[in-house]
file work_3.txt (compact mmCIF, C-alpha atoms)
# COMPACT_ATOMS: atom_id res chain seq x y z
CA ALA A 488 41.33 -11.75 -16.30
CA GLN A 489 43.43 -11.27 -13.15
CA ALA A 490 45.35 -8.39 -14.72
CA MET A 491 42.10 -6.66 -15.71
CA THR A 492 40.67 -7.17 -12.23
CA ALA A 493 43.84 -5.81 -10.64
CA GLU A 494 43.67 -2.76 -12.92
CA VAL A 495 40.04 -2.06 -12.07
CA LEU A 496 40.66 -2.49 -8.35
CA SER A 497 43.68 -0.18 -8.47
CA ASP A 498 41.40 2.70 -9.55
CA ASP A 499 40.52 4.00 -6.09
CA ALA A 500 38.00 6.57 -7.39
CA PHE A 501 36.12 3.91 -9.36
CA VAL A 502 36.10 1.47 -6.46
CA LYS A 503 34.77 4.14 -4.09
CA ARG A 504 31.98 5.13 -6.53
CA PHE A 505 31.10 1.48 -7.11
CA VAL A 506 30.96 0.64 -3.41
CA ASP A 507 28.96 3.78 -2.60
CA TYR A 508 26.48 3.05 -5.41
CA ASN A 509 26.18 -0.61 -4.39
CA ASN A 510 25.54 0.35 -0.75
CA CYS A 511 22.86 2.82 -1.83
CA MET A 512 21.09 0.24 -3.98
CA LEU A 513 21.27 -2.40 -1.25
CA ARG A 514 19.78 0.07 1.26
CA ARG A 515 16.93 0.92 -1.13
CA SER A 516 16.13 -2.75 -1.64
CA LEU A 517 16.29 -3.51 2.07
CA ASP A 518 14.07 -0.52 2.88
CA LEU A 519 11.51 -1.76 0.35
CA VAL A 520 11.51 -5.28 1.80
CA GLU A 521 11.19 -4.05 5.38
CA ALA A 522 8.40 -1.61 4.49
CA THR A 523 6.46 -4.39 2.76
CA LEU A 524 6.88 -6.81 5.66
CA ARG A 525 5.79 -4.13 8.16
CA LYS A 526 2.75 -3.28 6.01
CA ASP A 527 1.83 -6.97 5.83
CA GLY A 528 2.40 -7.51 9.56
CA ILE A 529 5.11 -10.12 9.02
CA PRO A 530 7.78 -10.28 11.77
CA TYR A 531 11.40 -10.12 10.65
CA TYR A 532 14.92 -9.68 11.95
CA PRO A 533 16.11 -6.22 10.91
CA ALA A 534 19.24 -6.40 8.80
CA GLU A 535 22.21 -4.13 9.37
CA SER A 536 23.96 -5.05 6.15
CA GLY A 537 24.31 -7.92 3.74
CA MET A 538 22.09 -9.46 1.11
CA PHE A 539 19.47 -11.42 3.05
CA LEU A 540 16.62 -10.84 5.44
CA TRP A 541 14.99 -13.43 7.72
CA PHE A 542 11.23 -13.19 8.14
CA ASP A 543 8.65 -15.26 9.96
CA MET A 544 5.72 -16.81 8.10
CA GLY A 545 4.94 -18.99 11.11
CA GLU A 546 1.32 -17.87 11.16
CA PHE A 547 0.84 -20.10 8.09
CA THR A 548 2.85 -23.10 9.23
CA SER A 549 3.65 -24.98 12.42
CA THR A 550 5.49 -28.07 11.14
CA TRP A 551 8.41 -28.64 8.79
CA ASP A 552 6.07 -30.39 6.36
CA GLU A 553 3.77 -27.35 6.37
CA GLU A 554 6.79 -25.12 5.78
CA ALA A 555 7.69 -27.24 2.73
CA GLU A 556 4.11 -26.92 1.47
CA LEU A 557 4.18 -23.16 2.00
CA TYR A 558 7.50 -22.91 0.15
CA GLU A 559 6.02 -24.81 -2.78
CA LYS A 560 2.85 -22.69 -2.84
CA LEU A 561 4.86 -19.47 -2.75
CA TRP A 562 6.88 -20.78 -5.67
CA LYS A 563 4.04 -22.25 -7.75
CA GLU A 564 1.16 -19.88 -6.91
CA ALA A 565 2.85 -16.58 -6.08
CA LYS A 566 5.79 -17.18 -8.43
CA ILE A 567 8.41 -16.15 -5.88
CA ILE A 568 11.40 -18.13 -4.70
CA LEU A 569 12.52 -17.88 -1.10
CA THR A 570 14.83 -20.00 0.99
CA PRO A 571 12.91 -22.04 3.58
CA GLY A 572 14.28 -21.98 7.09
CA SER A 573 14.61 -25.77 7.18
CA SER A 574 17.41 -25.57 4.61
CA GLN A 575 19.15 -22.95 6.78
CA HIS A 576 18.81 -24.90 10.05
CA ALA A 577 16.17 -22.58 11.52
CA ASP A 578 15.12 -23.49 15.03
CA ARG A 579 11.43 -23.68 14.12
CA PRO A 580 9.25 -23.88 11.00
CA GLY A 581 8.02 -20.79 9.22
CA TRP A 582 11.18 -18.76 8.86
CA PHE A 583 12.24 -17.83 5.36
CA ARG A 584 15.28 -16.05 3.96
CA MET A 585 14.86 -13.49 1.21
CA CYS A 586 17.75 -12.36 -0.94
CA TYR A 587 17.05 -8.74 -1.85
CA ALA A 588 20.44 -8.00 -3.39
CA PHE A 589 20.65 -9.93 -6.61
CA VAL A 590 17.53 -8.71 -8.40
CA PRO A 591 16.79 -5.37 -10.05
CA ALA A 592 14.39 -3.10 -8.15
CA PRO A 593 11.43 -3.72 -10.53
CA ALA A 594 11.76 -7.49 -10.05
CA LEU A 595 11.97 -7.09 -6.28
CA GLU A 596 8.90 -4.84 -6.28
CA LEU A 597 6.99 -7.42 -8.32
CA ALA A 598 8.02 -10.27 -6.01
CA LEU A 599 7.01 -8.30 -2.91
CA SER A 600 3.68 -7.39 -4.48
CA ARG A 601 3.02 -11.04 -5.26
CA MET A 602 3.97 -12.05 -1.74
CA SER A 603 1.66 -9.40 -0.24
CA LYS A 604 -1.23 -10.65 -2.37
CA TYR A 605 -0.51 -14.23 -1.36
CA ILE A 606 -0.42 -13.30 2.35
CA ALA A 607 -3.70 -11.38 2.07
CA SER A 608 -5.32 -14.30 0.26
CA ARG A 609 -4.17 -16.79 2.90
CA ARG A 610 -5.49 -14.58 5.69
CA ARG A 611 -8.86 -14.20 3.98
CA SER A 612 -9.22 -17.95 3.57
CA ALA A 613 -8.25 -18.72 7.17
call {"tool": "encode", "arguments": {"input": "work_3.txt", "output": "structure tokens"}}
result
Amino acid sequence: AQAMTAEVLSDDAFVKRFVDYNNCMLRRSLDLVEATLRKDGIPYYPAESGMFLWFDMGEFTSTWDEEAELYEKLWKEAKIILTPGSSQHADRPGWFRMCYAFVPAPALELALSRMSKYIASRRRSA
């Protein structure tokens, strides 16, 4: 396995194409996430690079227990899995981390659509 990896990584043209393609796909996913959060009026920290984006669902929660309930509802009702801020040592409840890098674009689009619908439903019922 190490010899195969070394051979692949020694192909400079392949590595450049792979990195360029990966960067392009990450940018597309990030742009989609940010556009959805802006459309839904959800505050977030803009990402410069990486695989995650922090966003603030604090309008739906003000305690750590409420954040845990929101996490569970997003998972069970909206069928999306996010990382709650409490598990990432956030300084206040309501922050969530979304990984936009490990899923194919259609799955990300579906998850964002479900999240938008959930947000709209919560706002209507408030």
call {"tool": "residues_around", "arguments": {"input": "work_3.txt", "residues": "Arg514 (chain A)", "least_positions_apart": "5", "cutoff": "10 Å", "atoms": "only C-alpha atoms", "output": "JSON, numbers by chain"}}
result
{"A": [508, 509, 519, 520, 534, 535, 536, 537, 538, 587, 588]}
call {"tool": "residues_around", "arguments": {"input": "work_3.txt", "residues": "region 552-556 of chain A", "least_positions_apart": "5", "cutoff": "12 Å", "atoms": "all atoms listed in the file", "output": "ChimeraX atom specification"}}
result
/A:543-547,561-564,569-574,577,579-583
call {"tool": "atom_distance", "arguments": {"input": "work_3.txt", "atom1": "CA of Arg611 (chain A)", "atom2": "CA of Ala522 (chain A)"}}
result
21.4 Å
call {"tool": "residues_near_point", "arguments": {"input": "work_3.txt", "point": "(2.5, -9.3, -0.9)", "cutoff": "12 Å", "atoms": "all atoms listed in the file", "output": "ChimeraX atom specification"}}
result
/A:519-529,561,565-567,595-610
call {"tool": "closest_residue", "arguments": {"input": "work_3.txt", "among": "A:Asp498, A:Asp578, A:Pro533, A:Asp518", "to": "Thr550 (chain A)", "atoms": "all atoms listed in the file"}}
result
A:Asp578
call {"tool": "decode", "arguments": {"input": "work_3.txt", "residues": "chain A", "atoms": "C-alpha atoms", "output": "PDB file, in the first residue's frame"}}
result
ATOM      1  CA  ALA A 488       0.000   0.000   0.000  1.00  0.00           C
ATOM      2  CA  GLN A 489       2.822   2.435   0.823  1.00  0.00           C
ATOM      3  CA  ALA A 490       4.578   1.713  -2.464  1.00  0.00           C
ATOM      4  CA  MET A 491       1.351   2.348  -4.406  1.00  0.00           C
ATOM      5  CA  THR A 492       0.746   5.574  -2.499  1.00  0.00           C
ATOM      6  CA  ALA A 493       4.310   6.722  -3.135  1.00  0.00           C
ATOM      7  CA  GLU A 494       3.893   5.971  -6.850  1.00  0.00           C
ATOM      8  CA  VAL A 495       0.646   7.920  -7.092  1.00  0.00           C
ATOM      9  CA  LEU A 496       2.087  10.867  -5.181  1.00  0.00           C
ATOM     10  CA  SER A 497       5.185  10.922  -7.385  1.00  0.00           C
ATOM     11  CA  ASP A 498       2.994  11.690 -10.422  1.00  0.00           C
ATOM     12  CA  ASP A 499       3.083  15.486 -10.182  1.00  0.00           C
ATOM     13  CA  ALA A 500       0.573  16.003 -13.020  1.00  0.00           C
ATOM     14  CA  PHE A 501      -1.955  13.677 -11.380  1.00  0.00           C
ATOM     15  CA  VAL A 502      -1.513  15.268  -7.959  1.00  0.00           C
ATOM     16  CA  LYS A 503      -1.997  18.758  -9.413  1.00  0.00           C
ATOM     17  CA  ARG A 504      -5.179  17.705 -11.274  1.00  0.00           C
ATOM     18  CA  PHE A 505      -6.507  15.968  -8.173  1.00  0.00           C
ATOM     19  CA  VAL A 506      -5.847  18.931  -5.883  1.00  0.00           C
ATOM     20  CA  ASP A 507      -7.301  21.404  -8.393  1.00  0.00           C
ATOM     21  CA  TYR A 508     -10.427  19.264  -8.841  1.00  0.00           C
ATOM     22  CA  ASN A 509     -10.809  18.773  -5.085  1.00  0.00           C
ATOM     23  CA  ASN A 510     -10.479  22.526  -4.458  1.00  0.00           C
ATOM     24  CA  CYS A 511     -13.100  23.240  -7.123  1.00  0.00           C
ATOM     25  CA  MET A 512     -15.561  20.764  -5.620  1.00  0.00           C
ATOM     26  CA  LEU A 513     -14.978  22.076  -2.095  1.00  0.00           C
ATOM     27  CA  ARG A 514     -15.601  25.645  -3.306  1.00  0.00           C
ATOM     28  CA  ARG A 515     -18.849  24.608  -5.021  1.00  0.00           C
ATOM     29  CA  SER A 516     -20.079  22.890  -1.876  1.00  0.00           C
ATOM     30  CA  LEU A 517     -19.113  25.822   0.339  1.00  0.00           C
ATOM     31  CA  ASP A 518     -20.800  28.290  -2.032  1.00  0.00           C
ATOM     32  CA  LEU A 519     -23.990  26.212  -1.903  1.00  0.00           C
ATOM     33  CA  VAL A 520     -23.972  26.083   1.908  1.00  0.00           C
ATOM     34  CA  GLU A 521     -23.321  29.815   2.255  1.00  0.00           C
ATOM     35  CA  ALA A 522     -26.006  30.708  -0.297  1.00  0.00           C
ATOM     36  CA  THR A 523     -28.544  28.568   1.556  1.00  0.00           C
ATOM     37  CA  LEU A 524     -27.675  30.056   4.943  1.00  0.00           C
ATOM     38  CA  ARG A 525     -27.894  33.599   3.530  1.00  0.00           C
ATOM     39  CA  LYS A 526     -31.266  32.814   1.918  1.00  0.00           C
ATOM     40  CA  ASP A 527     -32.533  31.416   5.222  1.00  0.00           C
ATOM     41  CA  GLY A 528     -31.150  34.340   7.240  1.00  0.00           C
ATOM     42  CA  ILE A 529     -28.893  32.142   9.362  1.00  0.00           C
ATOM     43  CA  PRO A 530     -25.680  33.822  10.593  1.00  0.00           C
ATOM     44  CA  TYR A 531     -22.427  31.981   9.945  1.00  0.00           C
ATOM     45  CA  TYR A 532     -18.673  32.409  10.028  1.00  0.00           C
ATOM     46  CA  PRO A 533     -17.454  32.574   6.426  1.00  0.00           C
ATOM     47  CA  ALA A 534     -14.935  29.851   5.687  1.00  0.00           C
ATOM     48  CA  GLU A 535     -11.720  30.503   3.811  1.00  0.00           C
ATOM     49  CA  SER A 536     -10.873  26.853   3.309  1.00  0.00           C
ATOM     50  CA  GLY A 537     -11.369  23.503   4.941  1.00  0.00           C
ATOM     51  CA  MET A 538     -14.276  21.130   5.299  1.00  0.00           C
ATOM     52  CA  PHE A 539     -16.534  22.717   7.912  1.00  0.00           C
ATOM     53  CA  LEU A 540     -18.676  25.784   8.396  1.00  0.00           C
ATOM     54  CA  TRP A 541     -19.952  27.176  11.715  1.00  0.00           C
ATOM     55  CA  PHE A 542     -23.464  28.592  11.725  1.00  0.00           C
ATOM     56  CA  ASP A 543     -25.718  30.022  14.392  1.00  0.00           C
ATOM     57  CA  MET A 544     -29.138  28.510  15.081  1.00  0.00           C
ATOM     58  CA  GLY A 545     -29.376  30.488  18.310  1.00  0.00           C
ATOM     59  CA  GLU A 546     -32.766  31.899  17.358  1.00  0.00           C
ATOM     60  CA  PHE A 547     -34.160  28.426  18.145  1.00  0.00           C
ATOM     61  CA  THR A 548     -32.224  27.727  21.322  1.00  0.00           C
ATOM     62  CA  SER A 549     -30.865  29.579  24.326  1.00  0.00           C
ATOM     63  CA  THR A 550     -29.670  26.751  26.598  1.00  0.00           C
ATOM     64  CA  TRP A 551     -27.453  23.715  26.125  1.00  0.00           C
ATOM     65  CA  ASP A 552     -30.459  21.466  26.751  1.00  0.00           C
ATOM     66  CA  GLU A 553     -32.395  23.267  24.019  1.00  0.00           C
ATOM     67  CA  GLU A 554     -29.418  22.873  21.699  1.00  0.00           C
ATOM     68  CA  ALA A 555     -29.453  19.118  22.376  1.00  0.00           C
ATOM     69  CA  GLU A 556     -33.186  19.035  21.613  1.00  0.00           C
ATOM     70  CA  LEU A 557     -32.647  20.984  18.399  1.00  0.00           C
ATOM     71  CA  TYR A 558     -29.854  18.617  17.371  1.00  0.00           C
ATOM     72  CA  GLU A 559     -32.151  15.653  17.928  1.00  0.00           C
ATOM     73  CA  LYS A 560     -35.036  17.249  16.011  1.00  0.00           C
ATOM     74  CA  LEU A 561     -32.774  18.100  13.078  1.00  0.00           C
ATOM     75  CA  TRP A 562     -31.636  14.495  13.053  1.00  0.00           C
ATOM     76  CA  LYS A 563     -35.007  12.794  13.580  1.00  0.00           C
ATOM     77  CA  GLU A 564     -37.376  15.207  11.809  1.00  0.00           C
ATOM     78  CA  ALA A 565     -35.243  16.821   9.112  1.00  0.00           C
ATOM     79  CA  LYS A 566     -33.009  13.769   8.656  1.00  0.00           C
ATOM     80  CA  ILE A 567     -29.778  15.764   8.723  1.00  0.00           C
ATOM     81  CA  ILE A 568     -26.793  15.258  10.971  1.00  0.00           C
ATOM     82  CA  LEU A 569     -24.837  18.248  12.198  1.00  0.00           C
ATOM     83  CA  THR A 570     -22.299  18.660  14.966  1.00  0.00           C
ATOM     84  CA  PRO A 571     -23.726  20.620  17.906  1.00  0.00           C
ATOM     85  CA  GLY A 572     -21.567  23.386  19.275  1.00  0.00           C
ATOM     86  CA  SER A 573     -21.575  21.875  22.759  1.00  0.00           C
ATOM     87  CA  SER A 574     -19.460  18.980  21.491  1.00  0.00           C
ATOM     88  CA  GLN A 575     -17.024  21.489  19.965  1.00  0.00           C
ATOM     89  CA  HIS A 576     -16.752  23.686  23.086  1.00  0.00           C
ATOM     90  CA  ALA A 577     -18.753  26.569  21.604  1.00  0.00           C
ATOM     91  CA  ASP A 578     -19.018  29.567  23.886  1.00  0.00           C
ATOM     92  CA  ARG A 579     -22.819  29.622  23.731  1.00  0.00           C
ATOM     93  CA  PRO A 580     -25.685  27.353  22.674  1.00  0.00           C
ATOM     94  CA  GLY A 581     -27.015  27.320  19.138  1.00  0.00           C
ATOM     95  CA  TRP A 582     -23.856  27.013  17.094  1.00  0.00           C
ATOM     96  CA  PHE A 583     -23.569  24.038  14.803  1.00  0.00           C
ATOM     97  CA  ARG A 584     -20.802  22.744  12.568  1.00  0.00           C
ATOM     98  CA  MET A 585     -21.623  21.446   9.116  1.00  0.00           C
ATOM     99  CA  CYS A 586     -19.231  19.267   7.158  1.00  0.00           C
ATOM    100  CA  TYR A 587     -19.791  20.092   3.495  1.00  0.00           C
ATOM    101  CA  ALA A 588     -16.810  18.166   2.143  1.00  0.00           C
ATOM    102  CA  PHE A 589     -17.543  14.505   2.587  1.00  0.00           C
ATOM    103  CA  VAL A 590     -20.875  14.209   0.784  1.00  0.00           C
ATOM    104  CA  PRO A 591     -21.667  14.268  -2.927  1.00  0.00           C
ATOM    105  CA  ALA A 592     -23.333  17.454  -4.198  1.00  0.00           C
ATOM    106  CA  PRO A 593     -26.815  15.864  -4.557  1.00  0.00           C
ATOM    107  CA  ALA A 594     -26.733  14.703  -0.930  1.00  0.00           C
ATOM    108  CA  LEU A 595     -25.602  18.131   0.244  1.00  0.00           C
ATOM    109  CA  GLU A 596     -28.368  19.800  -1.771  1.00  0.00           C
ATOM    110  CA  LEU A 597     -30.930  17.461  -0.223  1.00  0.00           C
ATOM    111  CA  ALA A 598     -29.646  18.092   3.309  1.00  0.00           C
ATOM    112  CA  LEU A 599     -29.714  21.869   2.791  1.00  0.00           C
ATOM    113  CA  SER A 600     -33.224  21.694   1.368  1.00  0.00           C
ATOM    114  CA  ARG A 601     -34.381  19.714   4.389  1.00  0.00           C
ATOM    115  CA  MET A 602     -32.714  22.178   6.737  1.00  0.00           C
ATOM    116  CA  SER A 603     -34.360  25.140   4.968  1.00  0.00           C
ATOM    117  CA  LYS A 604     -37.768  23.495   5.268  1.00  0.00           C
ATOM    118  CA  TYR A 605     -37.163  22.775   8.943  1.00  0.00           C
ATOM    119  CA  ILE A 606     -36.115  26.392   9.606  1.00  0.00           C
ATOM    120  CA  ALA A 607     -39.174  27.748   7.784  1.00  0.00           C
ATOM    121  CA  SER A 608     -41.442  25.396   9.734  1.00  0.00           C
ATOM    122  CA  ARG A 609     -39.932  26.441  13.073  1.00  0.00           C
ATOM    123  CA  ARG A 610     -40.342  30.109  12.216  1.00  0.00           C
ATOM    124  CA  ARG A 611     -43.975  29.615  11.208  1.00  0.00           C
ATOM    125  CA  SER A 612     -44.763  27.846  14.470  1.00  0.00           C
ATOM    126  CA  ALA A 613     -43.041  30.462  16.636  1.00  0.00           C
TER     127      ALA A 613
END
